[in-house]
Structures are given as structure tokens and as C-alpha cells.
Amino acid sequence: MGLLRLMALAALASQPGVAGGAEAAGNASGAGLIEFSVGKFRYFKLNRPFPEEAVLRNISSNSTFLIFQIHSQYLNTTVSFSKTLLPSTSGTGTDKGLVFILRPEQSMCSWYLETLEAEPVQNLAIPLSYSERDPIPGGCNLEFDLDVDPNIYLEYDFFETTIKFAPANLGYARGADSPPCDTKTGQDSRWRLQYDIYQYFLPENDLTEEGLLKHLQRMAEVPQVMASAMKVVTLTANDKTSVSFSSLRGQGVIYNVIVWDPVLNTSAAYVPAHTYACSFDATEGNCSSLGRVSTKVFFTLFALLGLFICFFGHRFWKTGFIFMGFFFYILITRLTPIKYDVRLVLTAIAGSLGGIFLVAAWWRFGILTLCMLCVGLVLGFLVSSVSFFTPLGNLTIFSNDAVFWVTFSCIVVLIPVIFIGCQRILNILTCGFIGSYSVVLAIDSYMYTSLSYIALNVLKRALSPHFRRAFTNVPFQTNDFIILAVWGMLAVSGITLQIRRERGRPCFPPHPYKLWKRERERRVTNILDPSYHIPPLRERLYGRLTQIRELFQKEQPAGERTPLLL
């Protein structure tokens with residue numbers, strides 16, 4: 001058997017690979033043996049009935065431990081130290097890895113790969129070597145199954161994505177005992193280590209397997225991670241090894257952790273993990289069809305209303321719909337278990353009632369101040385949301401709900417206070433920016449755009465008590481620049497058109513009830529006015545009903561019906 005294995009290894013070693021990067025892809029189900037090289041990526045497919053043995057040879061004597069990692073898009077793969085799968089010696093998932101602590105004089109190691117999926121799984125894998133000065137990712141694991149666990153465990157829901165990982169340990173030479181994890185807390189123990197959390201965004205609307213595996217190559221080794229990804233936060237050994245991010249549904253994101261030893265100035269990378277915050281297998285609402293039909297209908301109608309407001313909103317009071325609808329959605333979501341589609345319908349009804357109430361209050365009582373207060377608060381909400389959409393929103397101080405909401409509310413109230421003396425400008429600006437932003441929200445229901453999270457992050461913060469701990473970074477790529485330009489163009493066009501149209505006119509339309517009352521009094525006192533002779537409304541309605549009733553009455557025949565008297 002040993003001779004046959006050596007012959008198989010020699011045959012595999014003679015196959016050409018791709019120079020400098022990933023080795024040639026292949027299906028290893030035939031020979032049952034896959035050979036890897038340190039620091040080189042390899043593409044291959046795994047099939048369900050055929051577990052594979054992987055081999056790494058010619059390990060340098062300077063290496064004290066290896067990390068082998070394997071990745072797939074959404075189908076699970078199992079990597080194990082032995083053919084018998086045990087929780088303490090194997091891992092199953094889309095991004096999994098194992099740490100090999102090398103023995104003295106060891107120059108070769110092997111492990112096993114398999115999948116339980118019904119269809120073939122395309123994988124990308126790489127073994128990386130580290131020296132005795134490098135920290136060992138997951139070397140002080142007390143939470144997960146593996147003794148030394150370099151994996152990042154990822155969980156997500158609609159609101160947030162949370163990553164967890166095991167603490168690292170200091171490196172040590174081959175054959176030596178591992179440093180204790182919790183007996184000492186000084187600078188000569190693992191408590192001096194620091195953890196840098198990195199986040200990498202895939203191209204927007206790219207759900208392809210090839211794109212993911214290509215970009216994962218930039219997140220495996222320390223130099224590439226530091227050059228390609230964005231560092232979000234640095235944790236110390238005293239911090240909890242868990243970080244939360246805002247879930248970006250349909251947007252591919254790769255996370256990794258770099259553990260750094262500040263004394264020796266060495267570092268090592270954990271096994272990167274990726275997510276789209278959605279499921280590829282779901283029958284409804286999967287990654288390929290994110291927007292529900294009800295969502296598309298709601299926001300398409302909302303965009304049509306927004307376009308009307310953007311160009312003609314100064315003469316119509318419609319912001320009551322936005323004001324009431326937003327708060328009613330938060331209320332019913334937090335207090336009731338109603339389904340999403342029903343919530344949208346109730347939100348539309350509540351928003352319509354709010355708009356009708358605002359219009360009725362202005363029509364009957366002419367309360368311009370109340371209307372402008374609602375208008376100013378809506379614009380203030382958008383300005384405040386944009387402010388926290390920037391890196392300002394990720395400051396540690398705003399993880400406190402009281403600080404966040406007080407600051408957010410102050411910005412919201414500040415806008416109507418600033419424009420208290422020029423209410424027409426306030427109304428026109430609100431119509432332009434809010435109306436055009438509704439188009440952005442409608443676009444997001446058909447394709448991903450980060451600009452929708454201007455409002456969505458605030459909605460998540462209001463609905464989820466745990467969202468305060470999440471970092472709200474989003475990608476800003478070509479699609480976002482185009483949509484931002486469309487938003488700005490619509491806003492400027494709407495504002496300019498309304499300012500030019502309202503030039504020379506009164507600041508606001510006249511009070512309708514007062515005009516109606518004045519016209520009625522004029523008609524009563526002016527006998528020469530033709531409208532004076534118009535019957536009252538009740539008589540006119542009765543006359544119309546009489547005419548309609550006569551249409552359904554049978555016509556009487558002509559002629560005499562009574563008998564003649566003799």
C-alpha cells in the first residue's frame with residue numbers, strides 16, 4: 001500500500017499547475033488522493049460517494065503549525081483529521097479549516113475531505129504554514145468542538161450578522177508544550193494578543209461562485225487581508241471575541257480576523273468566513289430573488305407618489321403619509337406578530353389616514369405651523385439618517401441607545417428650527433429630497449443598493465434592541481454612485497422647478513375653508529350674482545334623484561282609459 005501511495009503522489013506531482021496562483025482545477029473523485037502545496041490555492045470538486053484524502057509534503061522545518069482551509073459558496077464540505085468523523089476532529093460548513101501542530105522532524109501530513117450534498121461541490125483550498133513566533137489562531141479554544149479551532153463562526157438574521165471566534169495562543173517550537181491559556185495574564189501570556197477584525201465586500205449584485213472563490217484568495221493570508229480589506233475594529237484579549245455587523249441582504253461580505261503579537265510583531269490569520277445574509281436554497285426570498293412582490297408593489301407606488309411630491313409637492317400636503325406610515329410600521333412590528341405583507345397593507349392604510357388628517361386640518365383650520373412642523377421633521381429625519389450613515393454612526397459612544405436617540409432626535413428637531421423663518425423653502429426642500437429618495441427605495445426592491453440603508457439602519461435600530469452593537473458599514477461601488485447621481489438630479493430638478501413656478505406667488509396656497517366660506521357669503525348677499533339663483537345643495541340632489549327615478553319608470557300610454565258616460 002505504501003508503494004502504491006508513493007506512485008500516486010508522484011503521478012499527481014507531475015501534473016502542471018497554474019503558475020503563481022491557484023493550481024489547476026480538477027475532479028479528484030477518481031484517484032481518491034489530492035496533493036497540496038504550501039501557500040498555493042487549489043480548485044477541485046467533491047462528490048458525495050467519494051471521500052478524498054489530501055496530502056501535503058515537503059513541509060519546511062521552520063514551520064511549527066499549519067492551517068488548512070477549504071471554501072465553497074453555499075454547499076457544505078467536511079474536513080477531518082481522520083476517516084472517522086468526530087466533532088472534536090472535524091468541521092463541516094462552507095468555510096472550514098484545521099490546525100496541524102507539527103511534530104519534530106515531521107515533513108508530511110494528511111487529512112480527509114468529503115461532502116454529503118447530492119450534487120458536486122466546487123471547492124477552493126489552501127494550506128498555510130507558520131513559525132514558532134507566530135500566534136496560533138484558536139489555540140485557547142474553550143467554546144467550540146475542535147481542540148484548536150481557527151474558524152470564524154457566523155450567524156445572521158434580517159437585522160445583524162454576528163461573527164464569533166476562539167481566542168488565540170502564543171506560538172511555540174515543535175515538540176514543546178503549549179503555553180497555558182489562563183494561568184497568567186501578564187505580557188508573557190496570550191493576554192497580550194490583539195485581534196484586528198477585517199471586512200471585505202464583494203462586487204454588488206455578484207452572486208456567482210467564481211467571483212466569490214476569486215475574492216476569497218485575497219482574504220486568506222495576512223498581507224493580502226491587510227491590503228485588500230477594511231479594518232473595522234481592534235479587540236484586546238479582555239474583550240469578548242464576538243463582533244456584530246449590519247446584515248446586507250444579497251450583498252456578499254467576507255470577514256477575517258488577524259491575531260497580532262505586539263511583543264514579537266508577528267501575526268496570523270484565521271479562516272475567512274463569508275455570507276450573503278440570505279439563503280440560496282430557500283423557495284421564497286432567496287438570494288436570487290430578494291424582493292417580495294408585495295415589497296415591489298408598495299415601493300413602486302411609493303416612488304410614484306414621491307415623484308409627484310418632488311415636482312408638485314409644494315401645493316399639496318402629502319408628507320403626512322410618510323410621517324404616520326413610518327411610526328405605525330415600527331409600532332405594529334414591535335408589538336404584534338403580524339406577517340410582513342399584512343404589515344405593509346396596514347402601513348399604507350395608516351399612512352393614508354395620516355395624510356388625510358393633515359390635509360383636513362389644513363383645509364378646515366388653516367394650521368400652517370402644524371403642517372410645516374411635520375414637513376420639517378421628515379426632512380430632519382432624512383438629514384439625521386444620512387449623518388449616522390457616515391462613519392459617525394460607528395463611534396462607540398452611539399452604541400448606547402440613550403445617546404444615539406437623543407442625538408438623532410436633536411438633529412431631527414434642529415431642521416424645522418433652522419427654517420422657521422422661511423417655511424416655503426423648507427417645504428420645497430423636503431419635497432425635493434424626500435420625493436426623490438423614494439425612487440432610491442424603489443430601486444432597492446429590484447436590485448441591491450447601499451443607499452437604501454440610510455433609512456433602513458434607523459428602522460433596524462428602532463425594531464431590534466441588539467442592533468446597537470452592530471457596525472453599519474456598507475459598500476459604495478459603481479451602482480451606488482449612479483443611483484446617488486439620479487437621486488441628486490431628481491432632487492435638484494424638483495427643487496428648481498418648484499422655486500421657479502412659485503416665484504411671484506403667495507408663499508402657500510390660500511386657506512380653502514376660508515375661501516369657501518367667503519364665496520358662500522358673497523353669493524348670499526349679491527343678488528346680481530348668477531350663482532345666487534342656484535338652488536341649495538339638498539334641492540339639487542333631490543332633483544337629480546328624481547330625474548334618475550324617472551328613467552326607470554314605465555311610460556304611460558296616450559289616450560282615454562275611462563269609459564264614456566251615456
# chains A, B, ... in the order shown; residues from 1 in each chain; ligands from 1
$ closest_atom_pairs --of "region 211-318 of chain A" --to "region 141-162 of chain A" --cutoff "12 Å" --atoms "only C-alpha atoms" --output "CSV"
residue,atom,partner,partner_atom,distance
A:Ala220,CA,A:Asn151,CA,11.9
A:Thr241,CA,A:Ile152,CA,10.1
A:Ser242,CA,A:Thr162,CA,6.9
A:Val243,CA,A:Thr162,CA,5.7
A:Ser244,CA,A:Thr162,CA,4.2
A:Phe245,CA,A:Thr161,CA,5.1
A:Ser246,CA,A:Glu160,CA,4.4
A:Ser247,CA,A:Glu160,CA,4.5
A:Leu248,CA,A:Glu160,CA,8.3
A:Arg249,CA,A:Phe158,CA,7.5
A:Gly250,CA,A:Phe158,CA,11.1
A:Val253,CA,A:Thr161,CA,10.2
A:Ile254,CA,A:Leu154,CA,10.5
A:Tyr255,CA,A:Ile152,CA,8.2
A:Asn256,CA,A:Ile152,CA,7.5
A:Val257,CA,A:Ile152,CA,8.1
A:Ile258,CA,A:Pro150,CA,10.8
A:Val259,CA,A:Pro150,CA,10.7
A:Ala268,CA,A:Pro150,CA,10.1
A:Ala269,CA,A:Pro150,CA,8.4
A:Tyr270,CA,A:Pro150,CA,5.2
A:Val271,CA,A:Asn151,CA,5.1
A:Pro272,CA,A:Ile152,CA,6.7
A:Ala273,CA,A:Ile152,CA,6.1
A:His274,CA,A:Leu154,CA,8.1
A:Thr275,CA,A:Leu154,CA,8.0
A:Tyr276,CA,A:Tyr156,CA,9.3
A:Ala277,CA,A:Tyr156,CA,6.1
A:Cys278,CA,A:Asp157,CA,8.4
A:Ser279,CA,A:Tyr156,CA,10.6
A:Gly285,CA,A:Phe158,CA,11.9
$ residues_around --residues "region 307-309 of chain A" --least-positions-apart "3" --cutoff "10 Å" --atoms "only C-alpha atoms" --output "short mmCIF file (atom, residue, chain, number, x, y, z; two decimals) with N, CA, C and O atoms, in the first residue's frame"
data_model
loop_
_atom_site.label_atom_id
_atom_site.label_comp_id
_atom_site.auth_asym_id
_atom_site.auth_seq_id
_atom_site.Cartn_x
_atom_site.Cartn_y
_atom_site.Cartn_z
N LEU A 301 -45.38 52.06 -5.91
CA LEU A 301 -46.42 53.07 -5.72
C LEU A 301 -45.90 54.24 -4.89
O LEU A 301 -46.23 55.41 -5.15
N PHE A 302 -45.07 53.91 -3.89
CA PHE A 302 -44.47 54.96 -3.06
C PHE A 302 -43.56 55.86 -3.88
O PHE A 302 -43.50 57.08 -3.68
N ALA A 303 -42.84 55.27 -4.85
CA ALA A 303 -41.98 56.08 -5.73
C ALA A 303 -42.79 56.99 -6.64
O ALA A 303 -42.40 58.13 -6.90
N LEU A 304 -43.92 56.49 -7.14
CA LEU A 304 -44.78 57.36 -7.97
C LEU A 304 -45.31 58.54 -7.16
O LEU A 304 -45.33 59.68 -7.64
N PHE A 312 -44.29 68.57 -7.58
CA PHE A 312 -45.52 69.35 -7.37
C PHE A 312 -45.93 69.40 -5.90
O PHE A 312 -47.05 69.81 -5.59
N GLY A 313 -45.06 68.97 -5.00
CA GLY A 313 -45.47 68.79 -3.62
C GLY A 313 -45.75 70.06 -2.85
O GLY A 313 -46.41 70.01 -1.81
N HIS A 314 -45.25 71.21 -3.28
CA HIS A 314 -45.43 72.42 -2.50
C HIS A 314 -46.90 72.82 -2.40
O HIS A 314 -47.31 73.43 -1.41
N ARG A 315 -47.69 72.49 -3.40
CA ARG A 315 -49.10 72.86 -3.40
C ARG A 315 -49.99 71.77 -2.81
O ARG A 315 -51.20 71.90 -2.78
N PHE A 316 -49.37 70.64 -2.37
CA PHE A 316 -50.15 69.53 -1.81
C PHE A 316 -49.46 69.03 -0.55
O PHE A 316 -48.24 68.98 -0.46
N TRP A 317 -50.24 68.64 0.42
CA TRP A 317 -49.69 68.17 1.70
C TRP A 317 -49.75 66.64 1.72
O TRP A 317 -50.78 66.05 1.99
N LYS A 318 -48.65 66.01 1.44
CA LYS A 318 -48.63 64.55 1.39
C LYS A 318 -47.61 63.94 2.37
O LYS A 318 -47.50 62.74 2.46
N THR A 319 -46.84 64.78 3.04
CA THR A 319 -45.81 64.22 3.93
C THR A 319 -46.42 63.54 5.14
O THR A 319 -45.74 62.80 5.84
N ILE A 428 -40.28 73.14 0.08
CA ILE A 428 -39.78 72.76 -1.25
C ILE A 428 -38.58 71.83 -1.13
O ILE A 428 -38.45 70.85 -1.88
N THR A 430 -37.93 69.77 1.33
CA THR A 430 -38.43 68.47 1.78
C THR A 430 -39.05 67.70 0.63
O THR A 430 -38.79 66.50 0.45
N CYS A 431 -39.86 68.38 -0.16
CA CYS A 431 -40.48 67.71 -1.31
C CYS A 431 -39.42 67.18 -2.27
O CYS A 431 -39.53 66.05 -2.77
N GLY A 432 -38.38 67.96 -2.52
CA GLY A 432 -37.35 67.54 -3.47
C GLY A 432 -36.55 66.35 -2.98
O GLY A 432 -36.39 65.35 -3.69
N PHE A 433 -36.05 66.42 -1.75
CA PHE A 433 -35.16 65.36 -1.25
C PHE A 433 -35.94 64.09 -0.87
O PHE A 433 -35.52 62.98 -1.19
N ILE A 434 -37.06 64.25 -0.18
CA ILE A 434 -37.82 63.08 0.25
C ILE A 434 -38.47 62.40 -0.96
O ILE A 434 -38.45 61.17 -1.08
N GLY A 435 -39.06 63.17 -1.85
CA GLY A 435 -39.69 62.58 -3.02
C GLY A 435 -38.71 61.82 -3.90
O GLY A 435 -39.01 60.72 -4.36
N SER A 436 -37.52 62.38 -4.11
CA SER A 436 -36.53 61.69 -4.94
C SER A 436 -35.93 60.49 -4.22
O SER A 436 -35.57 59.50 -4.86
N TYR A 437 -35.84 60.52 -2.88
CA TYR A 437 -35.30 59.36 -2.16
C TYR A 437 -36.24 58.17 -2.23
O TYR A 437 -35.80 57.02 -2.15
N SER A 438 -37.53 58.42 -2.41
CA SER A 438 -38.46 57.30 -2.56
C SER A 438 -38.13 56.49 -3.82
O SER A 438 -38.39 55.27 -3.87
N VAL A 439 -37.57 57.13 -4.84
CA VAL A 439 -37.14 56.41 -6.04
C VAL A 439 -35.98 55.48 -5.70
O VAL A 439 -35.89 54.35 -6.22
N LEU A 490 -32.73 64.26 -9.56
CA LEU A 490 -34.16 64.42 -9.33
C LEU A 490 -34.43 65.48 -8.27
O LEU A 490 -35.35 66.31 -8.42
N ALA A 491 -33.64 65.47 -7.19
CA ALA A 491 -33.86 66.45 -6.12
C ALA A 491 -33.63 67.87 -6.62
O ALA A 491 -34.45 68.77 -6.39
N GLY A 494 -36.45 68.88 -9.12
CA GLY A 494 -37.71 69.17 -8.45
C GLY A 494 -37.68 70.47 -7.68
O GLY A 494 -38.64 71.26 -7.73
#
$ residues_around --residues "region 189-195 of chain A" --least-positions-apart "6" --cutoff "7 Å" --atoms "only C-alpha atoms" --output "list in words"
Asn169, Leu170, Cys181, Thr234, Leu235, Thr236, Ala237, Val257, Ile258, Val259, Trp260, Asp261 and Pro262 of chain A
$ closest_atom_pairs --of "region 329-383 of chain A" --to "region 390-409 of chain A" --cutoff "10 Å" --atoms "only C-alpha atoms" --output "Markdown table"
| residue | atom | partner | partner_atom | distance |
| --- | --- | --- | --- | --- |
| A:Leu377 | CA | A:Ser409 | CA | 9.4 |
| A:Gly380 | CA | A:Ser409 | CA | 8.6 |
| A:Phe381 | CA | A:Phe408 | CA | 8.1 |
| A:Val383 | CA | A:Phe408 | CA | 9.5 |
$ write_last_selection --atoms "N, CA and C atoms" --output "PDB file, in the first residue's frame"
ATOM      1  N   LEU A 377     -39.857  67.883  10.268  1.00  0.00           N
ATOM      2  CA  LEU A 377     -39.412  66.671  10.950  1.00  0.00           C
ATOM      3  C   LEU A 377     -39.059  65.572   9.958  1.00  0.00           C
ATOM      4  N   GLY A 380     -35.760  66.554   8.620  1.00  0.00           N
ATOM      5  CA  GLY A 380     -34.782  66.336   9.686  1.00  0.00           C
ATOM      6  C   GLY A 380     -34.465  64.869   9.874  1.00  0.00           C
ATOM      7  N   PHE A 381     -35.465  64.002   9.718  1.00  0.00           N
ATOM      8  CA  PHE A 381     -35.227  62.559   9.807  1.00  0.00           C
ATOM      9  C   PHE A 381     -34.244  62.108   8.736  1.00  0.00           C
ATOM     10  N   VAL A 383     -31.979  63.992   7.141  1.00  0.00           N
ATOM     11  CA  VAL A 383     -30.654  64.565   7.421  1.00  0.00           C
ATOM     12  C   VAL A 383     -29.974  63.793   8.550  1.00  0.00           C
TER      13      VAL A 383
END
$ closest_atom_pairs --of "region 189-216 of chain A" --to "region 80-102 of chain A" --cutoff "12 Å" --atoms "only C-alpha atoms" --output "Markdown table"
| residue | atom | partner | partner_atom | distance |
| --- | --- | --- | --- | --- |
| A:Leu212 | CA | A:Thr94 | CA | 11.7 |
| A:Leu213 | CA | A:Asp95 | CA | 11.0 |
| A:Leu216 | CA | A:Asp95 | CA | 10.1 |
